[in-house]
Amino acid sequence: MNRFADIRPSAHRLRAAVRALACVFAAGLLAGCSVLPERSDLRLFDPQPQIVVAADTPQVDWQLAIPRPHADTTVDSARILVRPEPGEVQVYKGAAWTRSTPDLVQDMLLRAFADSGRLPGVSRRGDGVGAEYVLLLDLRTFESDYTATGAPQAKIVIGARLLRARDKRVVATRRFESAVASEATDVASVARAFERSLAAVGGEIVPWVLQPR
């Protein structure tokens with residue numbers, strides 16, 4: 001009988017050691033993950049309004065530039081504003097637009113004019129494209145408004161001026177407004193109402209800009 005224990009590791013002990021090392025390595029990875037930022041509960045909404053241009057909308061031979069709409073510091077934000085009563089503005093907790101509201105409006109109109117096929121080109125101002133007309137926009141209201149009916153309405157108000165580039169003359173001015181009732185009070189329903197409200201406003205702005213002057 002051998003008086004000494006066999007110091008060579010058995011196959012079983014080798015497998016156990018490998019498993020132990022794997023566990024230590026995995027634990028280290030999990031510990032390292034703790035320094036990463038926690039998952040955000042912020043819900044992001046990206047309205048995609050479908051704007052239908054009427055068949056009798058005029059065809060033009062000039063190009064259009066659309067600068068980023070102007071808005072005050074309250075409206076110029078990715079926060080989803082809600083007005084529960086006159087004189088008070090709040091925001092929906094844990095929800096936001098994917099980009100600021102002036103950018104939402106600008107992107108919507110750029111797509112609408114481009115998809116209409118009624119003009120040779122439309123661009124952002126500063127893109128290097130020579131435009132005969134410039135659409136200047138003042139985004140005055142972009143909020144969920146409870147004050148009119150006691151239920152949320154996606155309210156958008158935009159002031160528009162059409163500027164002729166060659167002489168910097170304003171050739172047309174108009175105020176556009178849309179208030180679309182939300183089907184429910186949750187923020188997802190309100191976001192869908194904003195999508196319809198944007199479509200309504202865009203559907204009025206496009207033919208207005210393209211009408212003969």
# chains A, B, ... in the order shown; residues from 1 in each chain; ligands from 1
call {"tool": "residues_around", "arguments": {"residues": "region 174-180 of chain A", "least_positions_apart": "5", "cutoff": "8 Å", "atoms": "only C-alpha atoms", "output": "PyMOL selection string"}}
result
chain A and resi 153-161+193-194+196-198+200-201+204-205
call {"tool": "write_last_selection", "arguments": {"atoms": "N, CA and C atoms", "output": "compact mmCIF listing (two decimals), in the first residue's frame"}}
result
# COMPACT_ATOMS: atom_id res chain seq x y z
N GLN A 153 -55.82 67.30 -26.01
CA GLN A 153 -55.83 67.57 -27.44
C GLN A 153 -54.40 67.91 -27.87
N ALA A 154 -53.94 67.31 -28.94
CA ALA A 154 -52.61 67.61 -29.45
C ALA A 154 -52.70 68.92 -30.24
N LYS A 155 -52.25 69.98 -29.61
CA LYS A 155 -52.42 71.32 -30.19
C LYS A 155 -51.10 71.83 -30.76
N ILE A 156 -51.16 72.25 -32.01
CA ILE A 156 -49.99 72.80 -32.70
C ILE A 156 -50.39 74.12 -33.34
N VAL A 157 -49.60 75.15 -33.09
CA VAL A 157 -49.81 76.46 -33.72
C VAL A 157 -48.50 76.90 -34.35
N ILE A 158 -48.57 77.24 -35.64
CA ILE A 158 -47.37 77.64 -36.39
C ILE A 158 -47.67 78.92 -37.16
N GLY A 159 -46.82 79.92 -37.00
CA GLY A 159 -46.87 81.11 -37.84
C GLY A 159 -45.91 80.93 -39.00
N ALA A 160 -46.37 81.23 -40.22
CA ALA A 160 -45.55 80.99 -41.42
C ALA A 160 -45.43 82.25 -42.25
N ARG A 161 -44.22 82.47 -42.77
CA ARG A 161 -43.96 83.56 -43.71
C ARG A 161 -43.19 82.99 -44.89
N ALA A 193 -51.96 61.21 -31.31
CA ALA A 193 -52.75 62.40 -31.65
C ALA A 193 -51.86 63.48 -32.24
N PHE A 194 -50.65 63.64 -31.71
CA PHE A 194 -49.70 64.60 -32.28
C PHE A 194 -49.33 64.23 -33.71
N ARG A 196 -51.26 62.81 -35.89
CA ARG A 196 -52.38 63.25 -36.74
C ARG A 196 -52.45 64.77 -36.83
N SER A 197 -52.10 65.45 -35.74
CA SER A 197 -52.11 66.92 -35.75
C SER A 197 -51.03 67.47 -36.67
N LEU A 198 -49.85 66.84 -36.65
CA LEU A 198 -48.79 67.24 -37.57
C LEU A 198 -49.21 67.04 -39.02
N ALA A 200 -52.21 67.12 -40.19
CA ALA A 200 -53.21 68.13 -40.55
C ALA A 200 -52.55 69.47 -40.87
N VAL A 201 -51.59 69.88 -40.04
CA VAL A 201 -50.90 71.15 -40.28
C VAL A 201 -50.08 71.08 -41.57
N GLU A 204 -51.97 71.46 -44.78
CA GLU A 204 -52.39 72.82 -45.12
C GLU A 204 -51.21 73.67 -45.59
N ILE A 205 -50.04 73.47 -44.99
CA ILE A 205 -48.89 74.30 -45.32
C ILE A 205 -48.39 74.04 -46.74
call {"tool": "closest_atom_pairs", "arguments": {"of": "region 148-192 of chain A", "to": "region 43-53 of chain A", "cutoff": "8 Å", "atoms": "only C-alpha atoms", "output": "JSON lines"}}
result
{"residue": "A:Ala188", "atom": "CA", "partner": "A:Phe45", "partner_atom": "CA", "distance": 7.9}
{"residue": "A:Ala191", "atom": "CA", "partner": "A:Phe45", "partner_atom": "CA", "distance": 6.8}
{"residue": "A:Arg192", "atom": "CA", "partner": "A:Pro47", "partner_atom": "CA", "distance": 7.1}
call {"tool": "write_last_selection", "arguments": {"atoms": "C-alpha atoms", "output": "CSV table (one decimal), in the first residue's frame"}}
result
chain,number,residue,atom,x,y,z
A,188,ALA,CA,-48.8,56.8,-26.2
A,191,ALA,CA,-48.3,60.9,-29.2
A,192,ARG,CA,-50.5,59.3,-31.8
call {"tool": "atom_distance", "arguments": {"atom1": "CA of Arg118 (chain A)", "atom2": "CA of Val60 (chain A)"}}
result
6.1 Å
call {"tool": "residues_around", "arguments": {"residues": "Gly150 (chain A)", "least_positions_apart": "4", "cutoff": "10 Å", "atoms": "only C-alpha atoms", "output": "MDAnalysis selection string"}}
result
chainID A and resid 84:85 145:146
call {"tool": "write_last_selection", "arguments": {"atoms": "C-alpha atoms", "output": "mmCIF file, in the first residue's frame"}}
result
data_model
loop_
_atom_site.group_PDB
_atom_site.id
_atom_site.type_symbol
_atom_site.label_atom_id
_atom_site.label_comp_id
_atom_site.auth_asym_id
_atom_site.auth_seq_id
_atom_site.Cartn_x
_atom_site.Cartn_y
_atom_site.Cartn_z
ATOM 1 C CA PRO A 84 -53.549 70.923 -17.571
ATOM 2 C CA GLU A 85 -55.125 74.338 -17.061
ATOM 3 C CA ASP A 145 -53.917 70.847 -24.052
ATOM 4 C CA TYR A 146 -56.618 69.982 -21.503
#
call {"tool": "select_by_dssp", "arguments": {"residues": "region 19-167 of chain A", "states": "strand (DSSP E)", "output": "ChimeraX atom specification"}}
result
/A:43-45,64-65,79-85,88-97,122-123,133-145,153-164
call {"tool": "residues_around", "arguments": {"residues": "Thr101 (chain A)", "least_positions_apart": "4", "cutoff": "8 Å", "atoms": "only C-alpha atoms", "output": "list of chain:residue names"}}
result
A:Val75, A:Asp76, A:Ser77, A:Ala78, A:Trp97, A:Val105, A:Phe142
call {"tool": "write_last_selection", "arguments": {"atoms": "C-alpha atoms", "output": "compact mmCIF listing (two decimals), in the first residue's frame"}}
result
# COMPACT_ATOMS: atom_id res chain seq x y z
CA VAL A 75 -41.37 74.85 -26.81
CA ASP A 76 -37.85 74.24 -28.20
CA SER A 77 -37.36 70.96 -26.37
CA ALA A 78 -37.74 67.20 -26.70
CA TRP A 97 -39.75 63.05 -28.41
CA VAL A 105 -41.72 70.09 -37.72
CA PHE A 142 -46.75 72.15 -29.43
call {"tool": "atom_distance", "arguments": {"atom1": "CA of Glu132 (chain A)", "atom2": "CA of Leu110 (chain A)"}}
result
15.7 Å
call {"tool": "select_by_dssp", "arguments": {"residues": "region 12-169 of chain A", "states": "helix (DSSP H, G or I)", "output": "JSON, numbers by chain"}}
result
{"A": [12, 13, 14, 15, 16, 17, 18, 19, 20, 21, 22, 23, 24, 25, 26, 27, 28, 29, 30, 31, 32, 33, 101, 102, 103, 104, 105, 106, 107, 108, 109, 110, 111, 112, 113, 114, 115, 116]}
call {"tool": "closest_residue", "arguments": {"among": "A:Thr57, A:Arg164, A:Thr141, A:Ser189", "to": "Trp208 (chain A)", "atoms": "only C-alpha atoms"}}
result
A:Thr57
call {"tool": "closest_residue", "arguments": {"among": "A:Ala151, A:Ala184, A:Val170, A:Ala65", "to": "Arg83 (chain A)", "atoms": "only C-alpha atoms"}}
result
A:Ala151
call {"tool": "atom_distance", "arguments": {"atom1": "CA of Asp56 (chain A)", "atom2": "CA of Pro120 (chain A)"}}
result
17.3 Å
